[in-house]
>>> print(open('data-v5.pdb').read())   # PDB, C-alpha atoms
ATOM      1  CA  MET W 236     -34.804 -10.262 -25.710  1.00  0.00           C
ATOM      2  CA  HIS W 237     -31.876  -8.850 -23.677  1.00  0.00           C
ATOM      3  CA  VAL W 238     -33.752  -9.314 -20.370  1.00  0.00           C
ATOM      4  CA  ARG W 239     -34.537 -12.963 -21.272  1.00  0.00           C
ATOM      5  CA  LYS W 240     -30.831 -13.674 -21.912  1.00  0.00           C
ATOM      6  CA  LEU W 241     -29.877 -12.072 -18.607  1.00  0.00           C
ATOM      7  CA  THR W 242     -32.571 -14.026 -16.770  1.00  0.00           C
ATOM      8  CA  SER W 243     -31.565 -17.350 -18.312  1.00  0.00           C
ATOM      9  CA  GLY W 244     -27.894 -16.588 -17.554  1.00  0.00           C
ATOM     10  CA  PHE W 245     -28.775 -15.795 -13.959  1.00  0.00           C
ATOM     11  CA  ALA W 246     -30.807 -18.998 -13.662  1.00  0.00           C
ATOM     12  CA  ALA W 247     -27.892 -21.049 -15.005  1.00  0.00           C
ATOM     13  CA  THR W 248     -25.542 -19.420 -12.499  1.00  0.00           C
ATOM     14  CA  LEU W 249     -27.936 -20.224  -9.649  1.00  0.00           C
ATOM     15  CA  ALA W 250     -28.268 -23.842 -10.807  1.00  0.00           C
ATOM     16  CA  VAL W 251     -24.487 -24.317 -10.790  1.00  0.00           C
ATOM     17  CA  THR W 252     -24.166 -22.576  -7.422  1.00  0.00           C
ATOM     18  CA  PHE W 253     -26.870 -24.709  -5.785  1.00  0.00           C
ATOM     19  CA  SER W 254     -25.463 -27.924  -7.221  1.00  0.00           C
ATOM     20  CA  LEU W 255     -22.059 -27.055  -5.763  1.00  0.00           C
ATOM     21  CA  MET W 256     -23.619 -26.240  -2.407  1.00  0.00           C
ATOM     22  CA  SER W 257     -25.396 -29.581  -2.185  1.00  0.00           C
ATOM     23  CA  GLY W 258     -22.202 -31.627  -2.260  1.00  0.00           C
ATOM     24  CA  GLN W 259     -18.810 -31.278  -0.711  1.00  0.00           C
ATOM     25  CA  ALA W 260     -16.716 -28.735  -2.525  1.00  0.00           C
ATOM     26  CA  VAL W 261     -13.109 -29.715  -3.074  1.00  0.00           C
ATOM     27  CA  ALA W 262     -10.590 -27.196  -4.336  1.00  0.00           C
ATOM     28  CA  ALA W 263      -8.440 -28.413  -7.171  1.00  0.00           C
ATOM     29  CA  PRO W 264      -4.727 -27.745  -6.744  1.00  0.00           C
ATOM     30  CA  SER W 265      -3.783 -24.558  -8.476  1.00  0.00           C
ATOM     31  CA  ALA W 266      -1.226 -24.726 -11.237  1.00  0.00           C
ATOM     32  CA  HIS W 267       0.091 -21.466  -9.839  1.00  0.00           C
ATOM     33  CA  ALA W 268       0.082 -22.472  -6.137  1.00  0.00           C
ATOM     34  CA  ASP W 269       3.870 -22.611  -5.842  1.00  0.00           C
ATOM     35  CA  ALA W 270       4.251 -19.372  -7.763  1.00  0.00           C
ATOM     36  CA  ASP W 271       1.638 -17.698  -5.553  1.00  0.00           C
ATOM     37  CA  ARG W 272       3.534 -18.701  -2.419  1.00  0.00           C
ATOM     38  CA  ALA W 273       6.794 -17.432  -3.915  1.00  0.00           C
ATOM     39  CA  VAL W 274       5.215 -14.032  -4.602  1.00  0.00           C
ATOM     40  CA  ALA W 275       3.957 -13.512  -1.058  1.00  0.00           C
ATOM     41  CA  ALA W 276       3.817  -9.942   0.154  1.00  0.00           C
ATOM     42  CA  ARG W 277       7.038  -8.423   1.399  1.00  0.00           C
ATOM     43  CA  VAL W 278       6.499  -7.136   4.933  1.00  0.00           C
ATOM     44  CA  VAL W 279       7.710  -3.609   5.600  1.00  0.00           C
ATOM     45  CA  THR W 280       7.499  -2.448   9.202  1.00  0.00           C
ATOM     46  CA  TYR W 281       6.892   1.077  10.382  1.00  0.00           C
ATOM     47  CA  ASP W 282       7.376   2.822  13.715  1.00  0.00           C
ATOM     48  CA  ALA W 283       4.815   5.567  14.310  1.00  0.00           C
ATOM     49  CA  GLY W 284       5.970   6.147  17.882  1.00  0.00           C
ATOM     50  CA  GLY W 285       7.321   9.579  16.983  1.00  0.00           C
ATOM     51  CA  SER W 286       4.319  10.671  14.947  1.00  0.00           C
ATOM     52  CA  ALA W 287       2.617  12.314  17.961  1.00  0.00           C
ATOM     53  CA  GLU W 288      -0.949  13.420  17.216  1.00  0.00           C
ATOM     54  CA  PHE W 289      -0.762  11.866  13.735  1.00  0.00           C
ATOM     55  CA  LYS W 290      -0.410   8.220  14.836  1.00  0.00           C
ATOM     56  CA  SER W 291      -3.968   7.234  13.871  1.00  0.00           C
ATOM     57  CA  ALA W 292      -3.524   8.946  10.465  1.00  0.00           C
ATOM     58  CA  VAL W 293      -0.284   6.998   9.931  1.00  0.00           C
ATOM     59  CA  ASP W 294      -1.965   3.716  10.862  1.00  0.00           C
ATOM     60  CA  ARG W 295      -4.851   4.501   8.492  1.00  0.00           C
ATOM     61  CA  GLY W 296      -2.439   5.449   5.686  1.00  0.00           C
ATOM     62  CA  ALA W 297      -0.653   2.096   6.110  1.00  0.00           C
ATOM     63  CA  ALA W 298      -4.001   0.267   6.144  1.00  0.00           C
ATOM     64  CA  ILE W 299      -4.993   2.002   2.888  1.00  0.00           C
ATOM     65  CA  TRP W 300      -1.830   0.730   1.197  1.00  0.00           C
ATOM     66  CA  ASN W 301      -2.511  -2.760   2.567  1.00  0.00           C
ATOM     67  CA  GLU W 302      -6.026  -2.628   1.080  1.00  0.00           C
ATOM     68  CA  SER W 303      -4.671  -1.354  -2.234  1.00  0.00           C
ATOM     69  CA  VAL W 304      -1.702  -3.607  -3.079  1.00  0.00           C
ATOM     70  CA  ASP W 305      -0.695  -7.242  -2.610  1.00  0.00           C
ATOM     71  CA  ALA W 306       3.078  -7.259  -3.155  1.00  0.00           C
ATOM     72  CA  VAL W 307       3.915  -5.368   0.047  1.00  0.00           C
ATOM     73  CA  GLU W 308       2.335  -5.223   3.490  1.00  0.00           C
ATOM     74  CA  LEU W 309       2.928  -2.411   5.964  1.00  0.00           C
ATOM     75  CA  ARG W 310       2.898  -3.532   9.604  1.00  0.00           C
ATOM     76  CA  PRO W 311       3.623  -1.756  12.870  1.00  0.00           C
ATOM     77  CA  VAL W 312       7.054  -2.763  14.157  1.00  0.00           C
ATOM     78  CA  ALA W 313       7.189  -5.262  16.994  1.00  0.00           C
ATOM     79  CA  ALA W 314       8.656  -4.131  20.299  1.00  0.00           C
ATOM     80  CA  GLY W 315      12.429  -4.385  20.340  1.00  0.00           C
ATOM     81  CA  GLN W 316      12.776  -4.572  16.544  1.00  0.00           C
ATOM     82  CA  ARG W 317      14.099  -1.972  14.145  1.00  0.00           C
ATOM     83  CA  ALA W 318      11.514  -0.620  11.688  1.00  0.00           C
ATOM     84  CA  ASN W 319      11.991  -0.192   7.953  1.00  0.00           C
ATOM     85  CA  ILE W 320      10.149   3.134   8.164  1.00  0.00           C
ATOM     86  CA  ARG W 321      10.325   5.708  10.950  1.00  0.00           C
ATOM     87  CA  VAL W 322       7.449   8.187  11.063  1.00  0.00           C
ATOM     88  CA  LEU W 323       8.003  11.468  12.886  1.00  0.00           C
ATOM     89  CA  ALA W 324       5.952  14.609  13.451  1.00  0.00           C
ATOM     90  CA  ASP W 325       7.552  18.010  13.058  1.00  0.00           C
ATOM     91  CA  ASP W 326       6.617  21.622  12.360  1.00  0.00           C
ATOM     92  CA  GLY W 327       7.888  21.665   8.754  1.00  0.00           C
ATOM     93  CA  TRP W 328       6.351  20.520   5.482  1.00  0.00           C
ATOM     94  CA  PRO W 329       5.582  16.770   5.085  1.00  0.00           C
ATOM     95  CA  ARG W 330       8.350  14.832   3.374  1.00  0.00           C
ATOM     96  CA  ALA W 331       9.879  11.407   2.987  1.00  0.00           C
ATOM     97  CA  ILE W 332      13.540  10.511   2.924  1.00  0.00           C
ATOM     98  CA  THR W 333      14.040   7.139   1.295  1.00  0.00           C
ATOM     99  CA  THR W 334      17.129   5.011   1.753  1.00  0.00           C
ATOM    100  CA  SER W 335      15.930   2.179  -0.516  1.00  0.00           C
ATOM    101  CA  LEU W 336      12.639   0.678  -1.635  1.00  0.00           C
ATOM    102  CA  GLY W 337      10.535   0.176   1.499  1.00  0.00           C
ATOM    103  CA  ASN W 338      12.987   1.941   3.797  1.00  0.00           C
ATOM    104  CA  GLY W 339      13.322   5.497   5.063  1.00  0.00           C
ATOM    105  CA  THR W 340      11.879   8.225   7.255  1.00  0.00           C
ATOM    106  CA  VAL W 341       8.545  10.015   6.888  1.00  0.00           C
ATOM    107  CA  TYR W 342       7.871  13.405   8.431  1.00  0.00           C
ATOM    108  CA  ILE W 343       4.238  14.381   8.949  1.00  0.00           C
ATOM    109  CA  GLY W 344       4.717  18.144   8.920  1.00  0.00           C
ATOM    110  CA  ARG W 345       2.339  20.354  10.828  1.00  0.00           C
ATOM    111  CA  GLN W 346       2.763  23.184   8.303  1.00  0.00           C
ATOM    112  CA  ALA W 347       0.579  21.381   5.744  1.00  0.00           C
ATOM    113  CA  VAL W 348      -1.914  20.348   8.423  1.00  0.00           C
ATOM    114  CA  ASP W 349      -2.126  23.958   9.649  1.00  0.00           C
ATOM    115  CA  GLU W 350      -2.851  25.030   6.058  1.00  0.00           C
ATOM    116  CA  GLY W 351      -5.780  22.598   5.954  1.00  0.00           C
ATOM    117  CA  HIS W 352      -4.392  19.489   4.240  1.00  0.00           C
ATOM    118  CA  ASN W 353      -5.861  16.130   5.269  1.00  0.00           C
ATOM    119  CA  THR W 354      -3.652  14.126   7.661  1.00  0.00           C
ATOM    120  CA  ILE W 355      -4.576  10.704   6.261  1.00  0.00           C
ATOM    121  CA  ARG W 356      -3.880  11.857   2.694  1.00  0.00           C
ATOM    122  CA  ILE W 357      -0.526  13.251   3.859  1.00  0.00           C
ATOM    123  CA  SER W 358       0.355   9.972   5.561  1.00  0.00           C
ATOM    124  CA  SER W 359      -0.684   7.815   2.613  1.00  0.00           C
ATOM    125  CA  HIS W 360       1.146  10.126   0.184  1.00  0.00           C
ATOM    126  CA  GLU W 361       4.406  10.095   2.158  1.00  0.00           C
ATOM    127  CA  LEU W 362       4.244   6.300   2.602  1.00  0.00           C
ATOM    128  CA  GLY W 363       3.795   6.167  -1.184  1.00  0.00           C
ATOM    129  CA  HIS W 364       7.234   7.763  -1.535  1.00  0.00           C
ATOM    130  CA  ILE W 365       8.760   5.054   0.660  1.00  0.00           C
ATOM    131  CA  LEU W 366       7.034   2.495  -1.577  1.00  0.00           C
ATOM    132  CA  GLY W 367       8.821   3.993  -4.588  1.00  0.00           C
ATOM    133  CA  LEU W 368       6.413   6.583  -5.985  1.00  0.00           C
ATOM    134  CA  PRO W 369       7.498  10.079  -7.052  1.00  0.00           C
ATOM    135  CA  ASP W 370       5.464  13.266  -6.758  1.00  0.00           C
ATOM    136  CA  ARG W 371       3.146  13.759  -9.730  1.00  0.00           C
ATOM    137  CA  LYS W 372       2.499  17.479  -9.550  1.00  0.00           C
ATOM    138  CA  PRO W 373       0.426  19.204 -10.567  1.00  0.00           C
ATOM    139  CA  GLY W 374      -2.267  16.616 -10.558  1.00  0.00           C
ATOM    140  CA  PRO W 375      -5.898  15.882  -9.848  1.00  0.00           C
ATOM    141  CA  CYS W 376      -7.291  14.794  -6.494  1.00  0.00           C
ATOM    142  CA  SER W 377      -7.701  11.264  -7.900  1.00  0.00           C
ATOM    143  CA  SER W 378      -3.894  10.987  -7.927  1.00  0.00           C
ATOM    144  CA  LEU W 379      -2.580  10.419  -4.405  1.00  0.00           C
ATOM    145  CA  MET W 380       0.893  11.425  -5.502  1.00  0.00           C
ATOM    146  CA  SER W 381      -0.357  14.819  -6.730  1.00  0.00           C
ATOM    147  CA  GLY W 382      -0.033  15.740  -3.057  1.00  0.00           C
ATOM    148  CA  ALA W 383      -0.690  19.333  -2.097  1.00  0.00           C
ATOM    149  CA  SER W 384      -1.169  20.410  -5.723  1.00  0.00           C
ATOM    150  CA  ALA W 385      -4.706  18.961  -5.546  1.00  0.00           C
ATOM    151  CA  GLY W 386      -5.587  21.600  -2.950  1.00  0.00           C
ATOM    152  CA  THR W 387      -6.792  21.534   0.647  1.00  0.00           C
ATOM    153  CA  SER W 388     -10.295  20.425  -0.375  1.00  0.00           C
ATOM    154  CA  CYS W 389      -8.847  17.114  -1.628  1.00  0.00           C
ATOM    155  CA  THR W 390      -9.089  14.426   1.037  1.00  0.00           C
ATOM    156  CA  ASN W 391      -8.581  11.346  -1.184  1.00  0.00           C
ATOM    157  CA  PRO W 392      -6.034   9.086   0.577  1.00  0.00           C
ATOM    158  CA  TYR W 393      -6.215   6.232  -1.965  1.00  0.00           C
ATOM    159  CA  PRO W 394      -3.690   5.526  -4.732  1.00  0.00           C
ATOM    160  CA  ASN W 395      -5.102   5.400  -8.245  1.00  0.00           C
ATOM    161  CA  THR W 396      -4.787   2.411 -10.578  1.00  0.00           C
ATOM    162  CA  THR W 397      -1.441   3.535 -12.006  1.00  0.00           C
ATOM    163  CA  GLU W 398       0.048   4.200  -8.569  1.00  0.00           C
ATOM    164  CA  LYS W 399      -1.088   0.771  -7.321  1.00  0.00           C
ATOM    165  CA  ALA W 400       0.349  -0.950 -10.405  1.00  0.00           C
ATOM    166  CA  ASP W 401       3.663   0.881 -10.018  1.00  0.00           C
ATOM    167  CA  VAL W 402       4.063  -0.225  -6.377  1.00  0.00           C
ATOM    168  CA  GLU W 403       3.084  -3.803  -7.283  1.00  0.00           C
ATOM    169  CA  GLY W 404       5.687  -3.757 -10.060  1.00  0.00           C
ATOM    170  CA  TYR W 405       8.458  -2.363  -7.855  1.00  0.00           C
ATOM    171  CA  PHE W 406       7.956  -4.992  -5.143  1.00  0.00           C
ATOM    172  CA  ASP W 407       7.365  -7.853  -7.600  1.00  0.00           C
ATOM    173  CA  ALA W 408      10.667  -6.936  -9.272  1.00  0.00           C
ATOM    174  CA  LEU W 409      12.368  -6.733  -5.877  1.00  0.00           C
ATOM    175  CA  SER W 410      11.053 -10.201  -4.964  1.00  0.00           C
ATOM    176  CA  ALA W 411      12.238 -11.610  -8.288  1.00  0.00           C
ATOM    177  CA  ARG W 412      15.731 -10.119  -7.821  1.00  0.00           C
ATOM    178  CA  THR W 413      16.108 -11.291  -4.234  1.00  0.00           C
ATOM    179  CA  ALA W 414      14.535 -14.758  -4.477  1.00  0.00           C
ATOM    180  CA  GLY W 415      17.234 -17.102  -3.270  1.00  0.00           C
ATOM    181  CA  ALA W 416      19.818 -14.345  -3.108  1.00  0.00           C
ATOM    182  CA  VAL W 417      22.011 -13.679  -0.111  1.00  0.00           C
ATOM    183  CA  PRO W 418      21.205 -10.290   1.467  1.00  0.00           C
ATOM    184  CA  LEU W 419      23.924  -7.650   1.411  1.00  0.00           C
ATOM    185  CA  ASN W 420      26.025  -7.364   4.560  1.00  0.00           C
ATOM    186  CA  ALA W 421      24.942 -10.826   5.678  1.00  0.00           C
ATOM    187  CA  MET W 422      27.294 -13.321   7.249  1.00  0.00           C
ATOM    188  CA  ILE W 423      26.731 -16.932   6.310  1.00  0.00           C
ATOM    189  CA  ALA W 424      28.078 -19.549   8.715  1.00  0.00           C
ATOM    190  CA  HIS W 425      28.373 -23.196   7.652  1.00  0.00           C
TER     191      HIS W 425
END
>>> encode(input="data-v5.pdb", output="structure tokens")
Amino acid sequence: MHVRKLTSGFAATLAVTFSLMSGQAVAAPSAHADADRAVAARVVTYDAGGSAEFKSAVDRGAAIWNESVDAVELRPVAAGQRANIRVLADDGWPRAITTSLGNGTVYIGRQAVDEGHNTIRISSHELGHILGLPDRKPGPCSSLMSGASAGTSCTNPYPNTTEKADVEGYFDALSARTAGAVPLNAMIAH
């Protein structure tokens, strides 16, 4: 009985799909089209020029965040522009110094790498701090923000559902607060 219902449901889906394919498909205007445009991703630029041997890990960490959330997009800074995030390599422990949501400096520390921690996980974790997330230690490997407490065998560079939702919420709230607002320290000439 259950298989018959699944089969008839599948057949109905195919019939609708093929009928749509035979004619010209026209998208109906979305009731949320204007709202969707207003909630476009906020672009946050990063400069990995000082990240030395970790540049590819930094680029991959940024790409992971771009795959994981919609409210913010991390992009390499264009030549001659100032980045929101500076990424530097040093011999200490990895850390992030935030100045505000989406802004700050990330250090990819060689001490953690020398101890066996995964460079892409480090990068993604530290970028998570810049995107507003705190450490969540101790924690399981499934939590990106558990950081080093998950151990050197943990190579998961992806944020979990809660971490993704938190970042989405922070940047959605930022967009709502700044929509139509004049930026601080801006000069308006009429």
>>> residues_around(input="data-v5.pdb", residues="stretch 279-295 of chain W", least_positions_apart="6", cutoff="9 Å", atoms="all atoms listed in the file", output="list in words")
Val307, Glu308, Leu309, Arg310, Pro311, Val312, Ala313, Arg317, Ala318, Asn319, Ile320, Arg321, Val322, Leu323, Ala324, Asp325, Gly337, Asn338, Tyr342, Ile343, Thr354, Ile355, Arg356, Ile357, Ser358, Ser359 and Leu362 of chain W
>>> residues_near_point(input="data-v5.pdb", point="(1.5, -9.8, -1.5)", cutoff="6 Å", atoms="all atoms listed in the file", output="PDB file with C-alpha atoms, in the coordinates of the input")
ATOM      1  CA  ALA W 275       3.957 -13.512  -1.058  1.00  0.00           C
ATOM      2  CA  ALA W 276       3.817  -9.942   0.154  1.00  0.00           C
ATOM      3  CA  ASP W 305      -0.695  -7.242  -2.610  1.00  0.00           C
ATOM      4  CA  ALA W 306       3.078  -7.259  -3.155  1.00  0.00           C
ATOM      5  CA  VAL W 307       3.915  -5.368   0.047  1.00  0.00           C
TER       6      VAL W 307
END
>>> closest_residue(input="data-v5.pdb", among="W:Lys372, W:Glu403, W:Arg277, W:Gly296", to="W:Val341", atoms="only C-alpha atoms")
W:Gly296
>>> atom_distance(input="data-v5.pdb", atom1="atom CA of W:Cys376", atom2="atom CA of W:Glu398")
13.1 Å
>>> residues_around(input="data-v5.pdb", residues="stretch 380-382 of chain W", least_positions_apart="3", cutoff="9 Å", atoms="only C-alpha atoms", output="JSON, numbers by chain")
{"W": [356, 357, 360, 361, 363, 364, 368, 369, 370, 371, 372, 373, 374, 375, 376, 377, 385, 386, 394, 395, 398]}
>>> atom_distance(input="data-v5.pdb", atom1="atom CA of W:Val304", atom2="atom CA of W:Ile365")
14.1 Å
>>> atom_distance(input="data-v5.pdb", atom1="atom CA of W:Ser303", atom2="atom CA of W:Lys399")
6.6 Å
>>> closest_residue(input="data-v5.pdb", among="W:Glu302, W:Asp349, W:Asp401, W:Asp326", to="W:Thr387", atoms="all atoms listed in the file")
W:Asp349
>>> closest_residue(input="data-v5.pdb", among="W:Ala331, W:Ala347, W:Ala297, W:Val278", to="W:Tyr393", atoms="all atoms listed in the file")
W:Ala297
>>> closest_residue(input="data-v5.pdb", among="W:Ala400, W:Ala411, W:Cys389, W:Leu379", to="W:Ile299", atoms="only C-alpha atoms")
W:Leu379
>>> residues_around(input="data-v5.pdb", residues="W:Gln346", least_positions_apart="6", cutoff="8 Å", atoms="all atoms listed in the file", output="MDAnalysis selection string")
chainID W and resid 326:329
>>> closest_residue(input="data-v5.pdb", among="W:Ser335, W:Thr390, W:Gln316, W:Asn301", to="W:His352", atoms="only C-alpha atoms")
W:Thr390
>>> axis_aligned_box(input="data-v5.pdb", around="stretch 293-298 of chain W", padding_each_side="3 Å", output="AutoDock Vina command-line options")
--center_x -2.6 --center_y 3.6 --center_z 8.3 --size_x 10.6 --size_y 12.7 --size_z 11.2
